[in-house]
file final.csv (CSV, C-alpha atoms)
chain,number,residue,atom,x,y,z
A,1,MET,CA,-3.7,-6.6,-34.4
A,2,HIS,CA,-7.3,-6.4,-35.6
A,3,ARG,CA,-9.4,-3.6,-34.2
A,4,GLU,CA,-12.8,-3.9,-32.8
A,5,GLN,CA,-15.9,-3.0,-34.9
A,6,THR,CA,-18.7,-0.9,-33.5
A,7,GLY,CA,-22.0,-2.5,-34.4
A,8,ALA,CA,-25.2,-0.8,-35.3
A,9,GLU,CA,-26.3,-0.8,-31.7
A,10,GLY,CA,-23.0,0.7,-30.5
A,11,ASP,CA,-21.8,-2.7,-29.2
A,12,GLU,CA,-18.1,-3.4,-29.8
A,13,VAL,CA,-17.5,-6.7,-31.6
A,14,PRO,CA,-14.0,-8.2,-31.2
A,15,VAL,CA,-12.4,-9.2,-34.5
A,16,GLY,CA,-10.9,-12.6,-33.8
A,17,PRO,CA,-8.5,-14.4,-36.1
A,18,LEU,CA,-11.3,-16.6,-37.4
A,19,ALA,CA,-13.8,-13.7,-37.8
A,20,GLY,CA,-15.5,-13.8,-41.2
A,21,PHE,CA,-14.9,-17.6,-41.6
A,22,THR,CA,-17.5,-20.4,-41.3
A,23,VAL,CA,-16.4,-23.8,-40.0
A,24,GLY,CA,-18.3,-27.0,-40.2
A,25,VAL,CA,-18.2,-29.4,-37.2
A,26,THR,CA,-19.0,-33.1,-38.0
A,27,ALA,CA,-18.3,-34.3,-34.4
A,28,ALA,CA,-21.0,-36.1,-32.5
A,29,ARG,CA,-19.0,-36.1,-29.2
A,30,ARG,CA,-17.6,-32.9,-27.8
A,31,ALA,CA,-19.1,-30.9,-30.6
A,32,ASP,CA,-20.2,-28.1,-28.2
A,33,GLU,CA,-16.6,-27.8,-26.8
A,34,LEU,CA,-15.1,-27.6,-30.3
A,35,GLY,CA,-17.7,-25.1,-31.4
A,36,ALA,CA,-17.1,-22.9,-28.4
A,37,LEU,CA,-13.4,-22.8,-29.1
A,38,LEU,CA,-14.1,-21.8,-32.7
A,39,ARG,CA,-16.6,-19.1,-31.8
A,40,ARG,CA,-14.3,-17.7,-29.2
A,41,ARG,CA,-11.9,-16.9,-32.1
A,42,GLY,CA,-14.7,-15.3,-34.1
A,43,ALA,CA,-15.8,-18.1,-36.4
A,44,GLU,CA,-19.3,-18.9,-37.4
A,45,VAL,CA,-20.0,-22.6,-36.7
A,46,MET,CA,-22.2,-25.0,-38.7
A,47,TYR,CA,-23.0,-28.1,-36.6
A,48,ALA,CA,-23.7,-31.3,-38.6
A,49,PRO,CA,-23.0,-34.5,-36.5
A,50,ALA,CA,-22.3,-37.1,-39.1
A,51,LEU,CA,-22.8,-39.9,-36.7
A,52,ARG,CA,-24.4,-40.8,-33.4
A,53,ILE,CA,-23.0,-43.1,-30.7
A,54,VAL,CA,-25.1,-46.0,-29.6
A,55,PRO,CA,-25.5,-45.9,-25.7
A,56,LEU,CA,-23.2,-48.5,-24.3
A,57,ALA,CA,-25.8,-50.3,-22.1
A,58,ASP,CA,-27.8,-51.0,-25.3
A,59,ASP,CA,-25.0,-52.6,-27.1
A,60,SER,CA,-25.4,-56.4,-27.1
A,61,GLU,CA,-22.0,-56.9,-28.8
A,62,LEU,CA,-20.2,-55.2,-25.9
A,63,LEU,CA,-22.1,-57.4,-23.4
A,64,ALA,CA,-21.1,-60.5,-25.3
A,65,ALA,CA,-17.4,-59.5,-25.5
A,66,THR,CA,-17.4,-58.6,-21.8
A,67,LYS,CA,-18.9,-62.0,-20.8
A,68,GLN,CA,-16.4,-63.8,-23.0
A,69,LEU,CA,-13.4,-62.0,-21.4
A,70,ILE,CA,-14.7,-62.7,-17.9
A,71,ASP,CA,-15.2,-66.4,-18.7
A,72,SER,CA,-11.8,-66.8,-20.4
A,73,ALA,CA,-9.2,-64.2,-19.3
A,74,PRO,CA,-6.9,-62.8,-22.0
A,75,ASP,CA,-3.2,-62.4,-21.6
A,76,VAL,CA,-3.2,-58.7,-22.6
A,77,VAL,CA,-5.8,-55.9,-22.7
A,78,VAL,CA,-5.1,-52.8,-24.8
A,79,ALA,CA,-7.1,-49.7,-23.7
A,80,THR,CA,-7.3,-47.2,-26.5
A,81,THR,CA,-9.5,-44.3,-25.3
A,82,ALA,CA,-10.3,-42.8,-21.8
A,83,ILE,CA,-14.0,-42.3,-22.6
A,84,GLY,CA,-14.2,-45.8,-24.1
A,85,PHE,CA,-12.6,-47.5,-21.1
A,86,ARG,CA,-14.7,-45.6,-18.6
A,87,GLY,CA,-17.8,-46.4,-20.6
A,88,TRP,CA,-16.9,-50.1,-20.7
A,89,VAL,CA,-16.6,-50.2,-16.9
A,90,GLU,CA,-19.9,-48.2,-16.4
A,91,ALA,CA,-21.7,-50.4,-18.8
A,92,ALA,CA,-20.5,-53.5,-17.0
A,93,ASP,CA,-21.7,-52.0,-13.7
A,94,GLY,CA,-25.1,-51.5,-15.3
A,95,TRP,CA,-25.2,-55.2,-16.2
A,96,GLY,CA,-24.1,-56.2,-12.7
A,97,LEU,CA,-20.7,-57.3,-14.0
A,98,GLY,CA,-18.6,-54.4,-13.0
A,99,ASP,CA,-16.8,-55.9,-10.0
A,100,VAL,CA,-16.2,-59.2,-11.9
A,101,LEU,CA,-14.7,-57.3,-14.9
A,102,LEU,CA,-12.4,-55.3,-12.7
A,103,ASP,CA,-11.2,-58.4,-10.9
A,104,ARG,CA,-10.5,-60.0,-14.3
A,105,LEU,CA,-8.6,-56.9,-15.5
A,106,ARG,CA,-6.4,-57.0,-12.4
A,107,GLU,CA,-5.1,-60.4,-13.5
A,108,VAL,CA,-4.0,-59.4,-17.0
A,109,ARG,CA,-1.3,-57.1,-18.5
A,110,LEU,CA,-3.0,-53.8,-19.1
A,111,LEU,CA,-1.6,-51.5,-21.8
A,112,ALA,CA,-2.8,-48.0,-22.3
A,113,ARG,CA,-2.5,-45.9,-25.5
A,114,GLY,CA,-1.6,-42.7,-23.7
A,115,PRO,CA,-1.8,-40.7,-20.5
A,116,LYS,CA,-5.5,-39.9,-20.7
A,117,VAL,CA,-6.3,-43.6,-20.9
A,118,ARG,CA,-3.9,-44.3,-18.0
A,119,GLY,CA,-5.9,-41.8,-16.0
A,120,ALA,CA,-9.2,-43.7,-16.7
A,121,ILE,CA,-7.5,-47.0,-15.8
A,122,ARG,CA,-6.2,-45.5,-12.5
A,123,ALA,CA,-9.6,-44.0,-11.7
A,124,ALA,CA,-11.1,-47.5,-12.0
A,125,GLY,CA,-8.7,-48.7,-9.3
A,126,LEU,CA,-6.4,-50.6,-11.8
A,127,THR,CA,-2.8,-50.1,-12.8
A,128,GLU,CA,-1.5,-50.2,-16.3
A,129,GLU,CA,1.8,-52.0,-17.1
A,130,TRP,CA,2.9,-49.4,-19.7
A,131,TYR,CA,1.9,-46.7,-22.1
A,132,PRO,CA,3.7,-44.7,-24.8
A,133,ALA,CA,4.1,-41.0,-24.3
A,134,SER,CA,3.5,-40.6,-28.1
A,135,GLU,CA,-0.1,-41.9,-27.7
A,136,SER,CA,0.6,-43.9,-30.8
A,137,MET,CA,-1.0,-47.3,-31.4
A,138,ALA,CA,1.9,-48.0,-33.7
A,139,GLU,CA,4.3,-47.9,-30.7
A,140,VAL,CA,1.9,-50.2,-28.7
A,141,LEU,CA,2.0,-52.6,-31.6
A,142,GLU,CA,5.8,-52.4,-31.9
A,143,ARG,CA,6.2,-53.2,-28.2
A,144,LEU,CA,3.8,-56.2,-28.4
A,145,LEU,CA,5.4,-57.7,-31.5
A,146,GLU,CA,9.0,-57.2,-30.0
A,147,GLU,CA,7.9,-59.2,-26.9
A,148,GLY,CA,6.3,-61.8,-29.1
A,149,VAL,CA,2.5,-62.5,-29.3
A,150,GLU,CA,2.4,-66.1,-30.6
A,151,GLY,CA,-0.2,-68.1,-28.7
A,152,HIS,CA,-1.3,-65.0,-26.7
A,153,ARG,CA,-4.9,-63.9,-26.4
A,154,ILE,CA,-5.1,-60.1,-26.7
A,155,ALA,CA,-8.2,-58.0,-26.1
A,156,VAL,CA,-8.4,-54.6,-27.9
A,157,GLN,CA,-10.8,-52.0,-26.8
A,158,LEU,CA,-12.2,-50.7,-30.0
A,159,HIS,CA,-13.3,-47.1,-30.1
A,160,GLY,CA,-15.2,-46.6,-33.4
A,161,GLU,CA,-12.1,-45.7,-35.4
A,162,PRO,CA,-10.1,-48.0,-37.7
A,163,LEU,CA,-6.9,-49.3,-36.3
A,164,PRO,CA,-5.1,-49.8,-39.7
A,165,GLY,CA,-2.9,-52.9,-39.6
A,166,PHE,CA,-3.1,-53.2,-35.8
A,167,VAL,CA,-5.3,-56.3,-35.4
A,168,GLU,CA,-4.0,-57.8,-38.6
A,169,SER,CA,-0.4,-57.5,-37.5
A,170,LEU,CA,-1.2,-59.1,-34.1
A,171,ARG,CA,-2.9,-62.0,-35.8
A,172,ALA,CA,0.0,-62.4,-38.3
A,173,GLY,CA,2.2,-62.7,-35.3
A,174,GLY,CA,0.2,-65.6,-34.0
A,175,ALA,CA,-2.1,-63.9,-31.5
A,176,GLU,CA,-5.8,-64.5,-31.0
A,177,VAL,CA,-7.4,-61.1,-31.0
A,178,VAL,CA,-10.7,-60.3,-29.3
A,179,GLY,CA,-12.3,-57.0,-30.2
A,180,VAL,CA,-14.2,-55.1,-27.4
A,181,PRO,CA,-16.6,-52.7,-29.3
A,182,VAL,CA,-17.1,-50.1,-26.5
A,183,TYR,CA,-19.4,-47.9,-28.5
A,184,ARG,CA,-20.8,-48.1,-32.0
A,185,TRP,CA,-21.2,-45.4,-34.6
A,186,MET,CA,-24.6,-45.1,-36.3
A,187,PRO,CA,-26.0,-42.6,-38.8
A,188,PRO,CA,-27.6,-39.5,-37.2
A,189,GLU,CA,-31.3,-39.7,-36.6
A,190,ASP,CA,-31.7,-36.3,-38.3
A,191,ILE,CA,-29.8,-36.2,-41.6
A,192,GLY,CA,-30.8,-32.6,-42.4
A,193,PRO,CA,-27.8,-30.9,-40.8
A,194,VAL,CA,-25.4,-33.2,-42.7
A,195,ASP,CA,-27.2,-32.4,-46.0
A,196,ARG,CA,-27.0,-28.7,-45.3
A,197,LEU,CA,-23.3,-29.0,-44.5
A,198,LEU,CA,-22.8,-30.9,-47.8
A,199,ASP,CA,-24.6,-28.2,-49.8
A,200,ALA,CA,-22.6,-25.4,-48.1
A,201,THR,CA,-19.3,-27.2,-48.8
A,202,VAL,CA,-20.1,-27.7,-52.5
A,203,ALA,CA,-21.3,-24.1,-52.7
A,204,ARG,CA,-18.0,-23.0,-51.1
A,205,THR,CA,-19.9,-21.0,-48.4
A,206,LEU,CA,-17.9,-23.0,-45.8
A,207,ASP,CA,-14.3,-22.3,-45.3
A,208,ALA,CA,-13.3,-25.4,-43.4
A,209,VAL,CA,-14.8,-28.7,-42.2
A,210,THR,CA,-13.4,-30.3,-39.1
A,211,PHE,CA,-13.3,-34.1,-38.5
A,212,THR,CA,-12.5,-35.7,-35.1
A,213,SER,CA,-13.2,-39.3,-36.1
A,214,ALA,CA,-12.6,-41.4,-39.2
A,215,PRO,CA,-16.2,-42.8,-39.1
A,216,ALA,CA,-17.6,-39.3,-39.4
A,217,ALA,CA,-15.4,-38.6,-42.4
A,218,ALA,CA,-16.5,-41.9,-44.0
A,219,SER,CA,-20.1,-41.1,-43.2
A,220,LEU,CA,-20.0,-37.7,-44.9
A,221,LEU,CA,-18.5,-39.2,-48.0
A,222,ASP,CA,-21.1,-42.0,-48.0
A,223,ARG,CA,-24.0,-39.5,-47.7
A,224,ALA,CA,-22.5,-37.4,-50.6
A,225,GLU,CA,-22.4,-40.6,-52.6
A,226,ARG,CA,-26.1,-41.4,-51.8
A,227,ARG,CA,-27.1,-37.9,-52.9
A,228,GLY,CA,-25.1,-38.1,-56.2
A,229,MET,CA,-22.7,-35.3,-55.2
A,230,ARG,CA,-19.6,-37.1,-54.2
A,231,GLU,CA,-17.4,-35.8,-57.0
A,232,GLU,CA,-18.6,-32.2,-56.3
A,233,LEU,CA,-17.7,-32.7,-52.6
A,234,LEU,CA,-14.3,-34.1,-53.4
A,235,ASP,CA,-13.5,-31.2,-55.7
A,236,ALA,CA,-14.5,-28.7,-53.0
A,237,LEU,CA,-12.4,-30.4,-50.3
A,238,ARG,CA,-9.4,-30.7,-52.6
A,239,HIS,CA,-9.3,-27.1,-53.7
A,240,ASP,CA,-11.4,-24.6,-51.8
A,241,VAL,CA,-12.7,-25.9,-48.4
A,242,LEU,CA,-10.1,-26.8,-45.9
A,243,PRO,CA,-10.5,-30.3,-44.4
A,244,ALA,CA,-9.0,-30.2,-40.9
A,245,CYS,CA,-8.6,-33.6,-39.1
A,246,VAL,CA,-7.6,-34.1,-35.5
A,247,GLY,CA,-5.1,-36.7,-36.5
A,248,PRO,CA,-3.8,-39.1,-39.2
A,249,VAL,CA,-6.2,-42.0,-38.4
A,250,THR,CA,-9.2,-39.6,-38.7
A,251,ALA,CA,-7.8,-38.4,-42.1
A,252,LEU,CA,-7.6,-41.9,-43.6
A,253,PRO,CA,-11.1,-42.0,-45.3
A,254,LEU,CA,-10.4,-38.6,-46.9
A,255,GLU,CA,-6.9,-39.3,-48.0
A,256,ALA,CA,-8.1,-42.5,-49.6
A,257,HIS,CA,-9.9,-40.2,-52.0
A,258,ASP,CA,-6.7,-38.0,-52.6
A,259,ILE,CA,-8.0,-35.2,-50.4
A,260,PRO,CA,-5.1,-33.4,-48.8
A,261,THR,CA,-5.8,-32.7,-45.1
A,262,SER,CA,-4.4,-30.5,-42.4
A,263,GLN,CA,-3.6,-32.0,-39.0
A,264,PRO,CA,-2.2,-30.5,-35.8
A,265,GLU,CA,1.0,-32.0,-34.3
A,266,ARG,CA,-0.9,-32.9,-31.1
A,267,PHE,CA,-4.1,-34.8,-31.6
A,268,ARG,CA,-6.4,-32.7,-29.5
A,269,LEU,CA,-9.2,-30.2,-30.0
A,270,GLY,CA,-7.2,-27.2,-28.9
A,271,PRO,CA,-4.4,-27.7,-31.3
A,272,LEU,CA,-7.0,-28.4,-34.1
A,273,VAL,CA,-8.5,-25.0,-33.5
A,274,GLN,CA,-5.0,-23.4,-33.4
A,275,LEU,CA,-4.3,-25.0,-36.7
A,276,LEU,CA,-7.4,-23.4,-38.2
A,277,THR,CA,-6.5,-20.1,-36.6
A,278,ALA,CA,-3.2,-20.2,-38.5
A,279,GLU,CA,-4.3,-21.7,-41.8
A,280,LEU,CA,-7.5,-20.0,-42.7
A,281,PRO,CA,-6.3,-16.4,-42.5
A,282,GLY,CA,-3.1,-17.6,-44.3
A,283,ARG,CA,-5.2,-18.7,-47.3
A,284,VAL,CA,-6.5,-15.1,-47.7
A,285,ARG,CA,-4.4,-12.8,-50.0
A,286,PRO,CA,-4.5,-9.2,-48.7
A,287,LEU,CA,-5.1,-6.6,-51.4
A,288,PRO,CA,-3.9,-3.0,-51.3
A,289,VAL,CA,-7.0,-1.2,-52.5
A,290,ALA,CA,-7.5,2.6,-52.5
A,291,GLY,CA,-5.0,3.1,-49.7
A,292,ARG,CA,-6.6,0.4,-47.6
A,293,ARG,CA,-5.7,-3.3,-46.8
A,294,LEU,CA,-8.5,-5.5,-48.0
A,295,GLU,CA,-8.9,-9.2,-46.8
A,296,ILE,CA,-11.8,-11.1,-48.4
A,297,ARG,CA,-12.8,-13.8,-45.9
A,298,GLY,CA,-15.5,-16.4,-46.2
A,299,HIS,CA,-18.6,-14.4,-45.4
A,300,ALA,CA,-17.1,-11.0,-44.4
A,301,VAL,CA,-14.4,-8.6,-45.3
A,302,VAL,CA,-11.6,-7.1,-43.1
A,303,VAL,CA,-10.7,-3.5,-44.1
A,304,ASP,CA,-7.7,-2.1,-42.4
A,305,GLY,CA,-8.2,-4.6,-39.5
A,306,GLU,CA,-11.9,-3.8,-39.2
A,307,LEU,CA,-14.5,-6.5,-39.8
A,308,ARG,CA,-17.2,-5.6,-42.2
A,309,THR,CA,-20.2,-7.9,-42.7
A,310,VAL,CA,-21.2,-8.2,-46.4
A,311,PRO,CA,-24.4,-9.7,-47.8
A,312,PRO,CA,-24.0,-12.9,-49.9
A,313,ALA,CA,-24.7,-11.1,-53.2
A,314,GLY,CA,-22.0,-8.5,-52.3
A,315,MET,CA,-19.5,-11.3,-51.4
A,316,ALA,CA,-20.2,-12.9,-54.8
A,317,LEU,CA,-19.4,-9.6,-56.6
A,318,LEU,CA,-16.3,-8.9,-54.5
A,319,ARG,CA,-14.9,-12.4,-55.2
A,320,ALA,CA,-15.5,-11.9,-59.0
A,321,LEU,CA,-13.7,-8.6,-58.9
A,322,ALA,CA,-10.8,-10.0,-56.7
A,323,ARG,CA,-10.2,-12.8,-59.2
A,324,ARG,CA,-8.7,-10.1,-61.4
A,325,PRO,CA,-7.8,-7.2,-59.0
A,326,GLY,CA,-7.4,-3.9,-60.8
A,327,TRP,CA,-9.0,-5.2,-64.0
A,328,VAL,CA,-12.4,-4.1,-65.3
A,329,VAL,CA,-15.1,-6.8,-64.9
A,330,ALA,CA,-18.1,-6.4,-67.2
A,331,ARG,CA,-21.6,-6.1,-65.7
A,332,SER,CA,-22.7,-9.2,-67.7
A,333,GLU,CA,-19.9,-11.3,-66.0
A,334,LEU,CA,-20.7,-9.9,-62.6
A,335,LEU,CA,-24.4,-10.8,-63.2
A,336,ARG,CA,-23.4,-14.4,-63.8
A,337,SER,CA,-21.7,-14.5,-60.4
A,338,LEU,CA,-24.8,-13.4,-58.6
A,339,PRO,CA,-26.9,-16.3,-57.2
A,340,GLY,CA,-30.3,-16.5,-58.9
A,341,ALA,CA,-30.0,-13.0,-60.4
A,342,GLY,CA,-31.6,-13.8,-63.8
A,343,ARG,CA,-30.8,-11.6,-66.7
A,344,ASP,CA,-31.4,-8.0,-65.4
A,345,GLU,CA,-28.1,-6.2,-65.1
A,346,HIS,CA,-29.9,-3.8,-62.7
A,347,ALA,CA,-29.4,-6.5,-60.1
A,348,VAL,CA,-25.7,-5.9,-60.3
A,349,GLU,CA,-26.1,-2.2,-59.6
A,350,THR,CA,-28.3,-2.9,-56.6
A,351,ALA,CA,-26.0,-5.4,-55.2
A,352,MET,CA,-23.0,-3.2,-55.9
A,353,ALA,CA,-24.6,-0.2,-54.0
A,354,ARG,CA,-25.2,-2.5,-51.0
A,355,LEU,CA,-21.6,-3.8,-51.2
A,356,ARG,CA,-20.1,-0.3,-51.1
A,357,THR,CA,-22.3,0.6,-48.2
A,358,ALA,CA,-21.2,-2.6,-46.3
A,359,LEU,CA,-17.5,-1.9,-47.0
A,360,GLY,CA,-17.8,1.6,-45.6
A,361,SER,CA,-15.6,3.0,-48.3
A,362,PRO,CA,-17.1,3.5,-51.7
A,363,LYS,CA,-13.7,4.3,-53.3
A,364,LEU,CA,-12.6,0.7,-52.9
A,365,ILE,CA,-14.7,-0.2,-56.1
A,366,GLN,CA,-14.6,2.1,-59.1
A,367,THR,CA,-17.3,2.3,-61.7
A,368,VAL,CA,-15.9,2.3,-65.3
A,369,VAL,CA,-18.6,4.0,-67.4
A,370,LYS,CA,-20.2,1.7,-70.0
A,371,ARG,CA,-17.8,-1.1,-69.1
A,372,GLY,CA,-18.2,-2.4,-65.6
A,373,TYR,CA,-16.5,-2.2,-62.2
A,374,ARG,CA,-13.0,-2.7,-60.9
A,375,LEU,CA,-11.2,-3.0,-57.6
A,376,ALA,CA,-9.2,0.2,-57.1
A,377,LEU,CA,-5.9,-1.6,-56.8
A,378,ASP,CA,-3.1,0.7,-55.7
A,379,PRO,CA,-0.7,1.5,-58.6
A,380,SER,CA,2.3,0.4,-56.6
A,381,ALA,CA,0.8,-3.0,-56.4
A,382,ASP,CA,0.4,-3.6,-60.1
A,383,THR,CA,3.7,-5.3,-60.5
A,384,LYS,CA,3.1,-7.6,-57.5
A,385,TYR,CA,-0.4,-8.7,-58.4
A,386,GLY,CA,-0.3,-8.3,-62.1
A,387,GLY,CA,-4.0,-8.2,-62.6
A,388,GLY,CA,-4.4,-11.9,-62.0
call {"tool": "encode", "arguments": {"input": "final.csv", "output": "C-alpha cells"}}
result
Amino acid sequence: MHREQTGAEGDEVPVGPLAGFTVGVTAARRADELGALLRRRGAEVMYAPALRIVPLADDSELLAATKQLIDSAPDVVVATTAIGFRGWVEAADGWGLGDVLLDRLREVRLLARGPKVRGAIRAAGLTEEWYPASESMAEVLERLLEEGVEGHRIAVQLHGEPLPGFVESLRAGGAEVVGVPVYRWMPPEDIGPVDRLLDATVARTLDAVTFTSAPAAASLLDRAERRGMREELLDALRHDVLPACVGPVTALPLEAHDIPTSQPERFRLGPLVQLLTAELPGRVRPLPVAGRRLEIRGHAVVVDGELRTVPPAGMALLRALARRPGWVVARSELLRSLPGAGRDEHAVETAMARLRTALGSPKLIQTVVKRGYRLALDPSADTKYGGG
C-alpha cells in the first residue's frame, strides 16, 4: 500500500495507483467523466478531443433518413447506442416528427444491441423484441441471418463507429439496408490539443493514450500523417506509450497499423480505467537501490511507497541511469539525455543536484569521480538485474 506524501505546504497527497503517470484522453463525449476517474486514481490527464460531434438537429442526413423511414416503414430497426437512439428521437421531436417516428417504430421489429439501448427504447415508450446480453453486434447479425433477411428492409442506427462486415453481411443475405446516421464525427475546431498530445506521445512524456471510439483513433492517425509524424507515432504506440481502447471495434484503426492495444473485458469507461490501473504500474520495474525500493514512473518516482515529484531534466537523467542499473554512466552520455542541454557538462551536475534533492535520498545515486554517476543498486540484486 502506497503511503501518503506530505507536500511543501503540509498537505497530504494520496499516492494512487496511477500517481506519477500521465494519460491522454482523446474522447469528445464523456471526456470529463473519464478524466475524473483517472485523476481519482492519481493520474495527470491530458485532454485532446480528436473529434467533435455534429449537433443532431443540424444533420440533414439524419432528417432525410428519418423521413424516408416514416414514408416507407422498414421490417427491422437495429438500435446500437442509447445516446444515439435518444438523440434520434429528440432530433425528430425538434423537427416536429417525433410522434410520427415513434408510431412508425411501434409497427416494426426493434432490436437493441444491449441493455443500455433497451433502456433508451423503453424510455421512449417502445418495446424491443430482443437484445443480446453480450452487447455484441456480431450476435445481432447472427440472429438476423439465422432468421433470414432476404427481401427484408433493415434500418441500422449508425453511431459514428465502423460496423465491420455488419451491413455488408446483411446485404449479401439479400436485405436492403438503410443507414440512420444519428450523429456525425467532425474534426475538432481547435486542433491545438491534438497536436500537443501527438508531440507528447512521440516524446514519450505520455504513458498511455485512451480511445473510446474508432473515429477518434483514425482521426489521430490522420493528423499525425498530415504533420509528417505518423511513423514516429506508430513507433511510440507500439513500444512505449500504452494505447488503451474501450473495445475491439475502437481498436480497429490502430490494429490495422500493427499497434497492439489493451482492452477491458467489459466495454465501459470504469473497466477501461481499471485496466490502466493494473497495466501501467505493471510496466514499471522496481529497483532495489541503496536499501530502498525505487519505481520510475512517467513524470515522478515512488521511493518506498512515497511519491516524489521530479523535474523533467531529473527524470531524463534517472531514466538514463536506470537503463543500466548499477553501471557507471558517463557525464557525456547523461548530457545527451538532457533536453536542450547543449555541450556544457555542468548542466548534468546542476540537474543531478536537483534530482537528488527531489528524491529525498542523495545516496540513491553515487558519484564516481572522473567517470560519471551510477544508481546504487543493492549488491544482492546484481544477479537479478545484471547491469542491463
call {"tool": "closest_atom_pairs", "arguments": {"input": "final.csv", "of": "stretch 159-228 of chain A", "to": "stretch 69-74 of chain A", "cutoff": "12 Å", "atoms": "only C-alpha atoms", "output": "tab-separated table"}}
result
residue	atom	partner	partner_atom	distance
A:Ala175	CA	A:Pro74	CA	10.7
A:Glu176	CA	A:Pro74	CA	9.2
A:Val177	CA	A:Pro74	CA	9.2
A:Val178	CA	A:Leu69	CA	8.5
A:Gly179	CA	A:Leu69	CA	10.2
A:Val180	CA	A:Leu69	CA	9.2
call {"tool": "atom_distance", "arguments": {"input": "final.csv", "atom1": "atom CA of A:Phe85", "atom2": "atom CA of A:Pro132"}}
result
16.9 Å
call {"tool": "closest_residue", "arguments": {"input": "final.csv", "among": "A:Ala19, A:Arg196, A:Val273, A:Ile259", "to": "A:Ile296", "atoms": "all atoms listed in the file"}}
result
A:Ala19
call {"tool": "residues_around", "arguments": {"input": "final.csv", "residues": "A:Leu51", "least_positions_apart": "5", "cutoff": "10 Å", "atoms": "all atoms listed in the file", "output": "MDAnalysis selection string"}}
result
chainID A and resid 26:29 184:191 194 213 215:220
call {"tool": "atom_distance", "arguments": {"input": "final.csv", "atom1": "atom CA of A:Val246", "atom2": "atom CA of A:Glu90"}}
result
26.7 Å
call {"tool": "closest_residue", "arguments": {"input": "final.csv", "among": "A:Leu145, A:Val77, A:Leu338, A:Ala133", "to": "A:Ile121", "atoms": "only C-alpha atoms"}}
result
A:Val77
call {"tool": "closest_residue", "arguments": {"input": "final.csv", "among": "A:Ile83, A:Leu34, A:Ala50, A:Leu126", "to": "A:Asp222", "atoms": "all atoms listed in the file"}}
result
A:Ala50
call {"tool": "residues_near_point", "arguments": {"input": "final.csv", "point": "(-11.9, -28.2, -44.8)", "cutoff": "9 Å", "atoms": "only C-alpha atoms", "output": "PyMOL selection string"}}
result
chain A and resi 23-24+201+206-211+236-238+240-245+261-262
call {"tool": "axis_aligned_box", "arguments": {"input": "final.csv", "around": "stretch 269-273 of chain A", "padding_each_side": "6 Å", "output": "JSON"}}
result
{"center_x": -6.8, "center_y": -27.6, "center_z": -31.5, "size_x": 16.8, "size_y": 17.2, "size_z": 17.2}
call {"tool": "residues_around", "arguments": {"input": "final.csv", "residues": "A:Glu349", "least_positions_apart": "4", "cutoff": "10 Å", "atoms": "all atoms listed in the file", "output": "CSV table (one decimal) with C-alpha atoms, in the coordinates of the input"}}
result
chain,number,residue,atom,x,y,z
A,331,ARG,CA,-21.6,-6.1,-65.7
A,334,LEU,CA,-20.7,-9.9,-62.6
A,335,LEU,CA,-24.4,-10.8,-63.2
A,344,ASP,CA,-31.4,-8.0,-65.4
A,345,GLU,CA,-28.1,-6.2,-65.1
A,353,ALA,CA,-24.6,-0.2,-54.0
A,354,ARG,CA,-25.2,-2.5,-51.0
A,355,LEU,CA,-21.6,-3.8,-51.2
A,372,GLY,CA,-18.2,-2.4,-65.6
A,373,TYR,CA,-16.5,-2.2,-62.2
call {"tool": "atom_distance", "arguments": {"input": "final.csv", "atom1": "atom CA of A:Val369", "atom2": "atom CA of A:Arg308"}}
result
27.0 Å
call {"tool": "closest_residue", "arguments": {"input": "final.csv", "among": "A:Asp199, A:Asp75, A:Glu128, A:Asp378", "to": "A:Ile154", "atoms": "only C-alpha atoms"}}
result
A:Asp75
call {"tool": "closest_residue", "arguments": {"input": "final.csv", "among": "A:Pro311, A:Pro339, A:Gly192, A:Pro264", "to": "A:His299", "atoms": "all atoms listed in the file"}}
result
A:Pro311
call {"tool": "build_atoms", "arguments": {"input": "final.csv", "residues": "stretch 226-233 of chain A", "atoms": "N, CA, C and O atoms", "output": "CSV table (one decimal), in the frame of the given file"}}
result
chain,number,residue,atom,x,y,z
A,226,ARG,N,-24.6,-41.1,-51.7
A,226,ARG,CA,-26.1,-41.4,-51.8
A,226,ARG,C,-26.9,-40.3,-52.5
A,226,ARG,O,-27.9,-40.5,-53.1
A,227,ARG,N,-26.4,-39.0,-52.3
A,227,ARG,CA,-27.1,-37.9,-52.9
A,227,ARG,C,-26.5,-37.6,-54.3
A,227,ARG,O,-27.0,-36.6,-54.9
A,228,GLY,N,-25.6,-38.4,-54.8
A,228,GLY,CA,-25.1,-38.1,-56.2
A,228,GLY,C,-24.2,-36.9,-56.3
A,228,GLY,O,-24.1,-36.3,-57.4
A,229,MET,N,-23.5,-36.5,-55.2
A,229,MET,CA,-22.7,-35.3,-55.2
A,229,MET,C,-21.3,-35.6,-54.7
A,229,MET,O,-20.6,-34.7,-54.2
A,230,ARG,N,-20.9,-36.8,-54.7
A,230,ARG,CA,-19.6,-37.1,-54.2
A,230,ARG,C,-18.4,-36.4,-54.9
A,230,ARG,O,-17.5,-35.9,-54.3
A,231,GLU,N,-18.5,-36.4,-56.2
A,231,GLU,CA,-17.4,-35.8,-57.0
A,231,GLU,C,-17.3,-34.3,-56.7
A,231,GLU,O,-16.3,-33.7,-56.6
A,232,GLU,N,-18.5,-33.7,-56.6
A,232,GLU,CA,-18.6,-32.2,-56.3
A,232,GLU,C,-18.0,-32.0,-54.9
A,232,GLU,O,-17.2,-31.0,-54.7
A,233,LEU,N,-18.3,-32.9,-53.9
A,233,LEU,CA,-17.7,-32.7,-52.6
A,233,LEU,C,-16.2,-32.9,-52.6
A,233,LEU,O,-15.5,-32.1,-52.0
